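A quick write-up on the structure given underneath.
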Protein chains: 2
Amino acid sequence: MVKFSDIVSAKKRIASMIHQTPIFESSLLNEWLGSRVLFKAECLQRTGAFKVRGALNTVSKLAEHKSLPKQIVANSSGNHAQAVAYAANLYQVPAKIFSTKNVSAVKAAATRHYGAKLALFDTRVEADEAVARAAEEPDTVWIPPFNHPDIIAGQGTLMLDTVDQTGDVDAVFTPCGGGGLLSGTLIATREICPKAKVIGAEPLAANDAAESLRQGKIVPLSGPPVTLADGAATPSVGEHTFPILQQVDGFYEVDEIRIAYWTQWLHHLLKLHMEPTCAMTMEAVFQWLKTVSRGQKVVVLLSGGNIDQHKMSQIWAKDYLTELPRL
Amino acid sequence: MVKFSDIVSAKKRIASMIHQTPIFESSLLNEWLGSRVLFKAECLQRTGAFKVRGALNTVSKLAEHKSLPKQIVANSSGNHAQAVAYAANLYQVPAKIFSTKNVSAVKAAATRHYGAKLALFDTRVEADEAVARAAEEPDTVWIPPFNHPDIIAGQGTLMLDTVDQTGDVDAVFTPCGGGGLLSGTLIATREICPKAKVIGAEPLAANDAAESLRQGKIVPLSGPPVTLADGAATPSVGEHTFPILQQVDGFYEVDEIRIAYWTQWLHHLLKLHMEPTCAMTMEAVFQWLKTVSRGQKVVVLLSGGNIDQHKMSQIWAKDYLTELPRL
């Protein structure tokens, strides 16, 4: 089980290797909502996402224990791939990322820029099988995207850094895919800001975490989801994250229209190029604010900013900026 | 004629009322180009654009001379409208913005949020006639968008603030619409960074400034332009800006495909929601870098970040992220 002290240790390990990303807010949005909404712009983090925190914590801890392997492997077509490539490169450990041939040119270029090799397969299943085989090679470490205590502790550092900047808040909101960020945030928040509510958000079209919370057991998705919030399209939460997720104070499922709606509005109001996955979380804020008194001070963890052209064209196909987000 | 000392005075006037916006860069882009490109993120300025500098300088100077009017008027559907509304509001002078009925809901909301009244007309011609009539009302000041010494001096403060952060640079690039920003930048740069080249960029589809520079006289566009870079679609430069624009070290005309190309790439690499008008300027950097040795240090002034849905859907209709911007 991850403890708060693990997050503090993680922060000490990685602090010098990451940016302290800024906090943004919109006076217009605050006025419309009658509360203050702060945004931690982790889309401006190295590699464009919070994922680098967990990857750096894992690799740095290996280095601390003088057990850096000869090879690091990971399977991901997303932010975790770049994060692992970046972290391995810092410690000069060769890294190999297993992905599919339809990986975006941009993400492939970034992963290679950070020094990793890319092994590309026709299907996700083939890539997953290949990484499992590679992980059995001698002196190899496989870094999973969320279901590992060192990853959870690393992601938990985001909330520590955030509260350094915001002071106490009434609630913190994060997206939930596999639950690494939300788990780490919960453990950190209970210690440093114990009165704050910890609230998650998930695409309705990939609502395995919500379903798991309802049923009290891990329920995976029945098939590949179709959602704008690709960062939260994980097929299942994990045995490390689920018991922590069961302690959250609220959890919202967000439909695709509201994901696009908030992505447009937050791009516009904050002038940040953020992923639909994190903009989605704003719908949870919006719904939650309806249930409490005005004058709340909340923070949204903007998890990342890597979006391909296809997603951008979908997000901006209709005009949601005509409908102001007032409460 | 605007002097450097006017820009210094403008900076003293407005410094406490604006943000010192951050500088961004992309290590990936720097590697691809073999030079260092710094971006001044003025899209994060109050009201979402540099325009607030000129408006604030104009209104603050009126206040300094105890000649604040009873009413301020302006005609614009863009960043200047919000800038004038914001500046007038700070000095508690009623402001009225004359625009067309098809103004975006977002910009209308922001202008009203800053306390201004909006008068909406069927056509731009009607709005322009109405503001001219309003300007003749007693105790009224009409603040033009670029063709005024106080506006030019205000826009020039952007380069002062930039060099405070970047130190000396080899070149500075700005977009050119009416030429307020480029003029102010030139005057500031010649004094504080005299070895730096000052280079402008304009949409090929609205290339009145380039044509005027070629002919040595102000040549307006023959009709309304169609360009993604709406912030640089001004029909003509002005008699205050043109003589200054004639001193620039380079000027590039950019086609619509390259405007969309760089908007996609800079959104992706910098994670900033910036206008096509400023992303366009990156094509001038790209072309200029082909003519000089590697290892340059240049700065791009990112002028603003207010984009409507229609423009965003046009920008992201095709995938330009497959073609990496390498030199």
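Naming scheme: A, B, ... for chains in displayed order of the structure tokens; residues 1 onward per chain; ligands 1 onward as shown.
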Handout entry: Selection near Pro145 (chain B), 9 Å with only C-alpha atoms, sequence-local residues under 4 positions removed, as a list in words
Key =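 The contact residues come out as Lys51, Gly54, Ala55, Ala74, Asn75, Ser76, His80, Ala81, Ile151, Gly178 and Gly180 of chain B.
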Deliver the residues from the most recent selection as a file, using all heavy atoms, as a CSV table (one decimal), in the first residue's frame.
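Contents of again.csv, as written:
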chain,number,residue,atom,x,y,z
B,51,LYS,N,-2.8,43.6,-27.4
B,51,LYS,CA,-3.6,44.8,-27.7
B,51,LYS,C,-3.9,45.7,-26.4
B,51,LYS,O,-4.0,46.9,-26.5
B,51,LYS,CB,-4.9,44.5,-28.4
B,51,LYS,CG,-4.7,44.0,-29.8
B,51,LYS,CD,-4.6,45.2,-30.8
B,51,LYS,CE,-4.6,44.7,-32.2
B,51,LYS,NZ,-4.4,45.8,-33.2
B,54,GLY,N,-1.5,48.8,-25.8
B,54,GLY,CA,-1.7,50.1,-26.5
B,54,GLY,C,-2.9,50.8,-25.9
B,54,GLY,O,-2.9,52.0,-25.7
B,55,ALA,N,-4.0,50.0,-25.6
B,55,ALA,CA,-5.2,50.6,-25.1
B,55,ALA,C,-4.9,51.2,-23.7
B,55,ALA,O,-5.4,52.3,-23.4
B,55,ALA,CB,-6.3,49.6,-25.0
B,74,ALA,N,-14.8,52.6,-29.6
B,74,ALA,CA,-13.9,51.9,-30.5
B,74,ALA,C,-14.7,51.0,-31.4
B,74,ALA,O,-15.8,50.6,-31.1
B,74,ALA,CB,-12.9,51.1,-29.7
B,75,ASN,N,-14.1,50.8,-32.6
B,75,ASN,CA,-14.8,49.8,-33.5
B,75,ASN,C,-13.8,48.6,-33.7
B,75,ASN,O,-12.7,48.8,-34.2
B,75,ASN,CB,-15.2,50.5,-34.8
B,75,ASN,CG,-14.1,51.3,-35.4
B,75,ASN,OD1,-13.2,51.8,-34.8
B,75,ASN,ND2,-14.2,51.4,-36.8
B,76,SER,N,-14.3,47.5,-33.4
B,76,SER,CA,-13.5,46.3,-33.6
B,76,SER,C,-14.3,45.1,-33.2
B,76,SER,O,-15.2,45.2,-32.4
B,76,SER,CB,-12.3,46.3,-32.7
B,76,SER,OG,-11.7,45.0,-32.5
B,80,HIS,N,-8.8,44.2,-30.1
B,80,HIS,CA,-8.8,45.7,-29.7
B,80,HIS,C,-10.0,46.0,-28.9
B,80,HIS,O,-10.0,46.8,-28.0
B,80,HIS,CB,-8.6,46.5,-30.9
B,80,HIS,CG,-8.6,48.0,-30.7
B,80,HIS,ND1,-7.6,48.6,-29.9
B,80,HIS,CD2,-9.4,49.0,-31.1
B,80,HIS,CE1,-7.8,49.9,-29.8
B,80,HIS,NE2,-8.9,50.2,-30.5
B,81,ALA,N,-11.2,45.4,-29.3
B,81,ALA,CA,-12.4,45.7,-28.6
B,81,ALA,C,-12.3,45.4,-27.1
B,81,ALA,O,-12.6,46.1,-26.2
B,81,ALA,CB,-13.6,44.9,-29.2
B,151,ILE,N,-0.7,54.3,-29.2
B,151,ILE,CA,-1.0,52.8,-29.4
B,151,ILE,C,0.4,52.2,-29.8
B,151,ILE,O,0.8,51.1,-29.2
B,151,ILE,CB,-2.0,52.6,-30.5
B,151,ILE,CG1,-3.4,53.1,-30.1
B,151,ILE,CG2,-2.1,51.1,-30.9
B,151,ILE,CD1,-4.1,52.3,-29.1
B,178,GLY,N,-2.2,46.1,-39.0
B,178,GLY,CA,-2.1,47.5,-39.3
B,178,GLY,C,-0.6,48.0,-39.0
B,178,GLY,O,-0.3,49.1,-39.4
B,180,GLY,N,0.9,48.2,-35.9
B,180,GLY,CA,1.2,48.8,-34.6
B,180,GLY,C,2.2,48.0,-33.8
B,180,GLY,O,3.2,48.6,-33.2
Exercise for the section: Pull out every residue of chain B that has at least one atom within 6 Å of chain A, counting only C-alpha atoms, and report them as JSON, numbers by chain. Expected result: {"B": [105, 271, 272, 273, 305, 309, 313, 316, 317, 319, 322]}
Can you list, as a PDB file with all heavy atoms, in the first residue's frame, every residue of region 102-197 of chain B that DSSP puts in strand (DSSP E)?
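The file below, states.pdb, is the result:
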ATOM      1  N   LYS B 117     -20.299  48.561 -23.238  1.00  0.00           N
ATOM      2  CA  LYS B 117     -21.539  48.318 -23.971  1.00  0.00           C
ATOM      3  C   LYS B 117     -21.191  47.925 -25.394  1.00  0.00           C
ATOM      4  O   LYS B 117     -20.212  48.408 -25.965  1.00  0.00           O
ATOM      5  CB  LYS B 117     -22.396  49.580 -23.982  1.00  0.00           C
ATOM      6  CG  LYS B 117     -23.125  49.770 -22.674  1.00  0.00           C
ATOM      7  CD  LYS B 117     -24.153  50.874 -22.750  1.00  0.00           C
ATOM      8  CE  LYS B 117     -24.815  51.026 -21.372  1.00  0.00           C
ATOM      9  NZ  LYS B 117     -25.395  52.358 -21.188  1.00  0.00           N
ATOM     10  N   LEU B 118     -21.986  47.060 -25.953  1.00  0.00           N
ATOM     11  CA  LEU B 118     -21.767  46.622 -27.331  1.00  0.00           C
ATOM     12  C   LEU B 118     -22.907  47.136 -28.191  1.00  0.00           C
ATOM     13  O   LEU B 118     -24.072  46.894 -27.874  1.00  0.00           O
ATOM     14  CB  LEU B 118     -21.770  45.096 -27.386  1.00  0.00           C
ATOM     15  CG  LEU B 118     -20.451  44.357 -27.449  1.00  0.00           C
ATOM     16  CD1 LEU B 118     -20.715  42.864 -27.532  1.00  0.00           C
ATOM     17  CD2 LEU B 118     -19.599  44.817 -28.615  1.00  0.00           C
ATOM     18  N   ALA B 119     -22.553  47.836 -29.258  1.00  0.00           N
ATOM     19  CA  ALA B 119     -23.573  48.236 -30.232  1.00  0.00           C
ATOM     20  C   ALA B 119     -23.332  47.413 -31.488  1.00  0.00           C
ATOM     21  O   ALA B 119     -22.254  47.475 -32.078  1.00  0.00           O
ATOM     22  CB  ALA B 119     -23.445  49.727 -30.535  1.00  0.00           C
ATOM     23  N   LEU B 120     -24.343  46.624 -31.846  1.00  0.00           N
ATOM     24  CA  LEU B 120     -24.152  45.656 -32.934  1.00  0.00           C
ATOM     25  C   LEU B 120     -24.924  46.060 -34.189  1.00  0.00           C
ATOM     26  O   LEU B 120     -26.108  46.416 -34.114  1.00  0.00           O
ATOM     27  CB  LEU B 120     -24.595  44.266 -32.464  1.00  0.00           C
ATOM     28  CG  LEU B 120     -23.805  43.724 -31.267  1.00  0.00           C
ATOM     29  CD1 LEU B 120     -24.339  42.361 -30.841  1.00  0.00           C
ATOM     30  CD2 LEU B 120     -22.317  43.648 -31.589  1.00  0.00           C
ATOM     31  N   PHE B 121     -24.246  45.964 -35.328  1.00  0.00           N
ATOM     32  CA  PHE B 121     -24.828  46.391 -36.607  1.00  0.00           C
ATOM     33  C   PHE B 121     -24.774  45.250 -37.616  1.00  0.00           C
ATOM     34  O   PHE B 121     -24.037  44.292 -37.444  1.00  0.00           O
ATOM     35  CB  PHE B 121     -24.055  47.607 -37.138  1.00  0.00           C
ATOM     36  CG  PHE B 121     -24.157  48.789 -36.222  1.00  0.00           C
ATOM     37  CD1 PHE B 121     -23.305  48.899 -35.117  1.00  0.00           C
ATOM     38  CD2 PHE B 121     -25.115  49.769 -36.431  1.00  0.00           C
ATOM     39  CE1 PHE B 121     -23.418  49.966 -34.241  1.00  0.00           C
ATOM     40  CE2 PHE B 121     -25.227  50.845 -35.562  1.00  0.00           C
ATOM     41  CZ  PHE B 121     -24.379  50.947 -34.467  1.00  0.00           C
ATOM     42  N   THR B 140     -15.894  62.810 -25.829  1.00  0.00           N
ATOM     43  CA  THR B 140     -15.732  61.421 -26.252  1.00  0.00           C
ATOM     44  C   THR B 140     -14.358  61.225 -26.889  1.00  0.00           C
ATOM     45  O   THR B 140     -13.907  62.080 -27.655  1.00  0.00           O
ATOM     46  CB  THR B 140     -16.825  61.057 -27.278  1.00  0.00           C
ATOM     47  OG1 THR B 140     -18.097  61.130 -26.643  1.00  0.00           O
ATOM     48  CG2 THR B 140     -16.618  59.648 -27.843  1.00  0.00           C
ATOM     49  N   VAL B 141     -13.686  60.118 -26.563  1.00  0.00           N
ATOM     50  CA  VAL B 141     -12.418  59.779 -27.226  1.00  0.00           C
ATOM     51  C   VAL B 141     -12.594  58.472 -27.990  1.00  0.00           C
ATOM     52  O   VAL B 141     -13.132  57.500 -27.464  1.00  0.00           O
ATOM     53  CB  VAL B 141     -11.261  59.660 -26.207  1.00  0.00           C
ATOM     54  CG1 VAL B 141     -10.041  58.986 -26.843  1.00  0.00           C
ATOM     55  CG2 VAL B 141     -10.860  61.029 -25.689  1.00  0.00           C
ATOM     56  N   TRP B 142     -12.154  58.453 -29.216  1.00  0.00           N
ATOM     57  CA  TRP B 142     -12.198  57.272 -30.089  1.00  0.00           C
ATOM     58  C   TRP B 142     -10.784  56.685 -30.118  1.00  0.00           C
ATOM     59  O   TRP B 142      -9.838  57.351 -30.532  1.00  0.00           O
ATOM     60  CB  TRP B 142     -12.664  57.712 -31.476  1.00  0.00           C
ATOM     61  CG  TRP B 142     -12.753  56.634 -32.521  1.00  0.00           C
ATOM     62  CD1 TRP B 142     -12.565  55.303 -32.359  1.00  0.00           C
ATOM     63  CD2 TRP B 142     -13.068  56.829 -33.909  1.00  0.00           C
ATOM     64  NE1 TRP B 142     -12.743  54.641 -33.541  1.00  0.00           N
ATOM     65  CE2 TRP B 142     -13.063  55.553 -34.522  1.00  0.00           C
ATOM     66  CE3 TRP B 142     -13.374  57.944 -34.694  1.00  0.00           C
ATOM     67  CZ2 TRP B 142     -13.324  55.370 -35.880  1.00  0.00           C
ATOM     68  CZ3 TRP B 142     -13.640  57.759 -36.053  1.00  0.00           C
ATOM     69  CH2 TRP B 142     -13.619  56.480 -36.638  1.00  0.00           C
ATOM     70  N   ALA B 171      17.357  38.077 -33.673  1.00  0.00           N
ATOM     71  CA  ALA B 171      16.243  38.576 -34.482  1.00  0.00           C
ATOM     72  C   ALA B 171      14.949  38.482 -33.689  1.00  0.00           C
ATOM     73  O   ALA B 171      14.804  37.618 -32.814  1.00  0.00           O
ATOM     74  CB  ALA B 171      16.101  37.776 -35.783  1.00  0.00           C
ATOM     75  N   VAL B 172      14.012  39.383 -34.023  1.00  0.00           N
ATOM     76  CA  VAL B 172      12.676  39.333 -33.420  1.00  0.00           C
ATOM     77  C   VAL B 172      11.656  39.334 -34.554  1.00  0.00           C
ATOM     78  O   VAL B 172      11.827  40.035 -35.560  1.00  0.00           O
ATOM     79  CB  VAL B 172      12.436  40.506 -32.437  1.00  0.00           C
ATOM     80  CG1 VAL B 172      12.756  41.852 -33.067  1.00  0.00           C
ATOM     81  CG2 VAL B 172      10.995  40.496 -31.911  1.00  0.00           C
ATOM     82  N   PHE B 173      10.626  38.514 -34.391  1.00  0.00           N
ATOM     83  CA  PHE B 173       9.595  38.330 -35.424  1.00  0.00           C
ATOM     84  C   PHE B 173       8.230  38.675 -34.850  1.00  0.00           C
ATOM     85  O   PHE B 173       7.881  38.215 -33.758  1.00  0.00           O
ATOM     86  CB  PHE B 173       9.577  36.870 -35.898  1.00  0.00           C
ATOM     87  CG  PHE B 173      10.845  36.456 -36.603  1.00  0.00           C
ATOM     88  CD1 PHE B 173      11.985  36.139 -35.890  1.00  0.00           C
ATOM     89  CD2 PHE B 173      10.885  36.395 -37.993  1.00  0.00           C
ATOM     90  CE1 PHE B 173      13.162  35.760 -36.547  1.00  0.00           C
ATOM     91  CE2 PHE B 173      12.049  36.017 -38.651  1.00  0.00           C
ATOM     92  CZ  PHE B 173      13.192  35.700 -37.931  1.00  0.00           C
ATOM     93  N   THR B 174       7.457  39.468 -35.600  1.00  0.00           N
ATOM     94  CA  THR B 174       6.076  39.745 -35.187  1.00  0.00           C
ATOM     95  C   THR B 174       5.154  39.674 -36.407  1.00  0.00           C
ATOM     96  O   THR B 174       5.590  39.898 -37.533  1.00  0.00           O
ATOM     97  CB  THR B 174       5.891  41.149 -34.540  1.00  0.00           C
ATOM     98  OG1 THR B 174       5.583  42.111 -35.567  1.00  0.00           O
ATOM     99  CG2 THR B 174       7.100  41.601 -33.762  1.00  0.00           C
ATOM    100  N   PRO B 175       3.865  39.396 -36.157  1.00  0.00           N
ATOM    101  CA  PRO B 175       2.897  39.514 -37.247  1.00  0.00           C
ATOM    102  C   PRO B 175       2.661  40.988 -37.563  1.00  0.00           C
ATOM    103  O   PRO B 175       2.957  41.864 -36.747  1.00  0.00           O
ATOM    104  CB  PRO B 175       1.637  38.870 -36.670  1.00  0.00           C
ATOM    105  CG  PRO B 175       1.771  38.999 -35.191  1.00  0.00           C
ATOM    106  CD  PRO B 175       3.235  38.992 -34.887  1.00  0.00           C
ATOM    107  N   LYS B 197      17.858  41.764 -35.910  1.00  0.00           N
ATOM    108  CA  LYS B 197      17.012  42.002 -37.071  1.00  0.00           C
ATOM    109  C   LYS B 197      15.558  42.071 -36.607  1.00  0.00           C
ATOM    110  O   LYS B 197      15.147  41.311 -35.714  1.00  0.00           O
ATOM    111  CB  LYS B 197      17.137  40.855 -38.080  1.00  0.00           C
ATOM    112  CG  LYS B 197      18.553  40.568 -38.543  1.00  0.00           C
ATOM    113  CD  LYS B 197      19.103  41.683 -39.379  1.00  0.00           C
ATOM    114  CE  LYS B 197      20.484  41.339 -39.928  1.00  0.00           C
ATOM    115  NZ  LYS B 197      21.169  42.544 -40.454  1.00  0.00           N
TER     116      LYS B 197
END
Handout entry: Contacts of Ile187 (chain A) at 12 Å (only C-alpha atoms; same-chain gap of 5+ positions) as JSON, numbers by chain
Key = {"A": [1, 2, 3, 4, 5, 6, 7, 8, 149, 152, 153, 154, 155, 156, 157, 158, 159, 160, 180, 181, 182, 192, 193, 194, 196, 197, 198, 241, 243, 244, 245, 246, 247, 248]}
Fill in the blank from the handout: With distances taken over only C-alpha atoms, the candidate from A:Cys278, A:Asp150, A:Val84, A:Asp208 nearest Gly184 (chain A) is A:Asp150
Problem - Neighbour list for Trp32 (chain B) as a list in words, cut-off 9 Å, only C-alpha atoms, skip fewer than 6 positions in-chain - result: Leu324, Pro325, Arg326 and Leu327 of chain B
For those residues, write all heavy atoms to a file as a PDB file, in the first residue's frame.
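This is the output file part-v1.pdb:
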ATOM      1  N   LEU B 324       7.183  16.819 -40.190  1.00  0.00           N
ATOM      2  CA  LEU B 324       7.965  17.462 -39.133  1.00  0.00           C
ATOM      3  C   LEU B 324       8.681  18.713 -39.658  1.00  0.00           C
ATOM      4  O   LEU B 324       9.200  18.720 -40.770  1.00  0.00           O
ATOM      5  CB  LEU B 324       9.007  16.488 -38.575  1.00  0.00           C
ATOM      6  CG  LEU B 324       8.498  15.120 -38.091  1.00  0.00           C
ATOM      7  CD1 LEU B 324       9.622  14.323 -37.448  1.00  0.00           C
ATOM      8  CD2 LEU B 324       7.343  15.257 -37.120  1.00  0.00           C
ATOM      9  N   PRO B 325       8.725  19.760 -38.827  1.00  0.00           N
ATOM     10  CA  PRO B 325       9.364  21.012 -39.259  1.00  0.00           C
ATOM     11  C   PRO B 325      10.882  20.984 -39.044  1.00  0.00           C
ATOM     12  O   PRO B 325      11.399  21.600 -38.119  1.00  0.00           O
ATOM     13  CB  PRO B 325       8.697  22.067 -38.368  1.00  0.00           C
ATOM     14  CG  PRO B 325       8.293  21.331 -37.134  1.00  0.00           C
ATOM     15  CD  PRO B 325       8.053  19.907 -37.523  1.00  0.00           C
ATOM     16  N   ARG B 326      11.571  20.289 -39.905  1.00  0.00           N
ATOM     17  CA  ARG B 326      13.033  20.193 -39.802  1.00  0.00           C
ATOM     18  C   ARG B 326      13.694  21.129 -40.808  1.00  0.00           C
ATOM     19  O   ARG B 326      13.175  21.352 -41.879  1.00  0.00           O
ATOM     20  CB  ARG B 326      13.493  18.776 -40.166  1.00  0.00           C
ATOM     21  CG  ARG B 326      13.193  17.720 -39.153  1.00  0.00           C
ATOM     22  CD  ARG B 326      13.716  16.392 -39.692  1.00  0.00           C
ATOM     23  NE  ARG B 326      13.194  15.265 -38.968  1.00  0.00           N
ATOM     24  CZ  ARG B 326      13.738  14.768 -37.851  1.00  0.00           C
ATOM     25  NH1 ARG B 326      14.817  15.305 -37.351  1.00  0.00           N
ATOM     26  NH2 ARG B 326      13.201  13.729 -37.249  1.00  0.00           N
ATOM     27  N   LEU B 327      14.887  21.570 -40.463  1.00  0.00           N
ATOM     28  CA  LEU B 327      15.709  22.307 -41.432  1.00  0.00           C
ATOM     29  C   LEU B 327      16.924  21.470 -41.788  1.00  0.00           C
ATOM     30  O   LEU B 327      17.478  20.777 -40.930  1.00  0.00           O
ATOM     31  CB  LEU B 327      16.180  23.634 -40.833  1.00  0.00           C
ATOM     32  CG  LEU B 327      15.265  24.836 -41.045  1.00  0.00           C
ATOM     33  CD1 LEU B 327      15.929  26.080 -40.491  1.00  0.00           C
ATOM     34  CD2 LEU B 327      14.982  25.039 -42.534  1.00  0.00           C
TER      35      LEU B 327
END
Handout entry: Atomic separation - CA of Leu33 (chain A) relative to CA of Ala87 (chain B), Å
Key =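 Computing the Euclidean distance for CA of Ala87 (chain B) and CA of Leu33 (chain A) yields 24.3 Å.
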Problem - Pick from A:Asn207, A:Ser16, A:Thr123, A:Gln92 nearest to Thr227 (chain A), counting only C-alpha atoms - result: A:Asn207
Exercise for the section: Check the DSSP output for the backbone and give back, as a PyMOL selection string, the residues of region 116-327 of chain B in helix (DSSP H, G or I). Expected result: chain B and resi 124-135+149-166+180-192+204-206+208-215+230-232+242-245+256-270+276-279+281-289+309-315
Could those residues be written to a file, using C-alpha atoms, as a short mmCIF file (atom, residue, chain, number, x, y, z; two decimals), in the first residue's frame?
data_model
loop_
_atom_site.label_atom_id
_atom_site.label_comp_id
_atom_site.auth_asym_id
_atom_site.auth_seq_id
_atom_site.Cartn_x
_atom_site.Cartn_y
_atom_site.Cartn_z
CA ARG B 124 -18.93 46.51 -40.74
CA VAL B 125 -19.58 49.65 -42.78
CA GLU B 126 -22.58 50.54 -40.59
CA ALA B 127 -20.55 49.91 -37.44
CA ASP B 128 -17.74 52.13 -38.71
CA GLU B 129 -20.16 54.92 -39.57
CA ALA B 130 -21.77 54.64 -36.15
CA VAL B 131 -18.49 54.90 -34.28
CA ALA B 132 -17.54 57.96 -36.33
CA ARG B 133 -20.82 59.62 -35.35
CA ALA B 134 -20.38 58.59 -31.71
CA ALA B 135 -16.86 60.05 -31.69
CA PRO B 149 1.49 57.21 -31.53
CA ASP B 150 0.19 56.19 -28.08
CA ILE B 151 -0.95 52.82 -29.42
CA ILE B 152 2.39 52.20 -31.14
CA ALA B 153 4.30 53.19 -27.99
CA GLY B 154 2.12 50.87 -25.91
CA GLN B 155 2.69 47.91 -28.24
CA GLY B 156 6.44 48.67 -28.16
CA THR B 157 6.50 47.79 -24.45
CA LEU B 158 6.10 44.13 -25.39
CA MET B 159 9.65 44.00 -26.74
CA LEU B 160 11.03 45.81 -23.67
CA ASP B 161 9.44 43.18 -21.43
CA THR B 162 10.65 40.40 -23.71
CA VAL B 163 14.31 41.42 -23.73
CA ASP B 164 14.20 41.70 -19.94
CA GLN B 165 13.57 37.95 -20.02
CA THR B 166 15.54 36.73 -23.03
CA GLY B 180 1.16 48.76 -34.56
CA LEU B 181 3.03 45.88 -32.95
CA LEU B 182 5.73 45.66 -35.62
CA SER B 183 6.33 49.45 -35.49
CA GLY B 184 6.58 49.55 -31.73
CA THR B 185 8.83 46.51 -31.75
CA LEU B 186 11.16 48.10 -34.31
CA ILE B 187 11.58 51.31 -32.33
CA ALA B 188 12.21 49.39 -29.10
CA THR B 189 14.60 46.90 -30.67
CA ARG B 190 16.79 49.48 -32.42
CA GLU B 191 17.54 50.96 -29.00
CA ILE B 192 17.76 48.01 -26.61
CA LEU B 204 -0.24 36.30 -48.48
CA ALA B 205 -4.02 36.64 -48.80
CA ALA B 206 -3.92 40.05 -47.05
CA ASP B 208 -1.18 45.05 -48.25
CA ALA B 209 1.85 45.83 -46.06
CA ALA B 210 4.20 43.83 -48.29
CA GLU B 211 2.71 45.50 -51.37
CA SER B 212 3.01 48.91 -49.72
CA LEU B 213 6.67 48.24 -48.88
CA ARG B 214 7.34 47.19 -52.48
CA GLN B 215 5.64 50.26 -53.94
CA ASP B 230 -7.84 37.34 -38.94
CA GLY B 231 -5.70 39.45 -36.60
CA ALA B 232 -3.58 40.48 -39.59
CA PHE B 242 4.08 52.88 -42.55
CA PRO B 243 7.26 55.03 -42.27
CA ILE B 244 8.39 52.82 -39.39
CA LEU B 245 7.54 49.60 -41.23
CA GLU B 256 -2.86 29.71 -45.74
CA ILE B 257 -1.47 26.18 -45.67
CA ARG B 258 1.65 27.29 -43.82
CA ILE B 259 -0.47 29.35 -41.42
CA ALA B 260 -2.48 26.23 -40.53
CA TYR B 261 0.70 24.14 -40.48
CA TRP B 262 2.44 26.31 -37.88
CA THR B 263 -0.71 26.82 -35.82
CA GLN B 264 -0.98 23.05 -35.43
CA TRP B 265 2.71 22.64 -34.65
CA LEU B 266 2.96 25.47 -32.15
CA HIS B 267 -0.24 24.40 -30.39
CA HIS B 268 1.29 20.96 -30.10
CA LEU B 269 4.88 21.83 -29.21
CA LEU B 270 4.21 24.71 -26.82
CA PRO B 276 -3.11 31.65 -36.37
CA THR B 277 -1.98 35.27 -36.70
CA CYS B 278 0.98 34.71 -34.40
CA ALA B 279 1.71 31.10 -35.39
CA THR B 281 5.08 34.37 -37.88
CA MET B 282 6.91 31.08 -37.36
CA GLU B 283 7.01 30.59 -41.14
CA ALA B 284 9.04 33.81 -41.37
CA VAL B 285 11.44 32.36 -38.78
CA PHE B 286 11.66 29.11 -40.75
CA GLN B 287 12.40 30.87 -44.04
CA TRP B 288 14.84 33.31 -42.46
CA LEU B 289 16.76 30.54 -40.71
CA GLN B 309 -14.73 27.60 -33.34
CA HIS B 310 -15.00 28.13 -37.08
CA LYS B 311 -11.30 29.03 -37.33
CA MET B 312 -10.29 26.13 -35.11
CA SER B 313 -12.21 23.64 -37.24
CA GLN B 314 -10.54 25.03 -40.37
CA ILE B 315 -7.07 24.89 -38.82
#
Handout entry: Atomic distance CA of Thr234 (chain A) - CA of Tyr91 (chain A), expressed in Å with one decimal
Key =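 Separation between CA of Thr234 (chain A) and CA of Tyr91 (chain A): 28.3 Å.
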Practice task
May I ask for the distance between CA of Val73 (chain A) and CA of Ile18 (chain A), given in Å to one decimal place?
Solution key: 21.6 Å
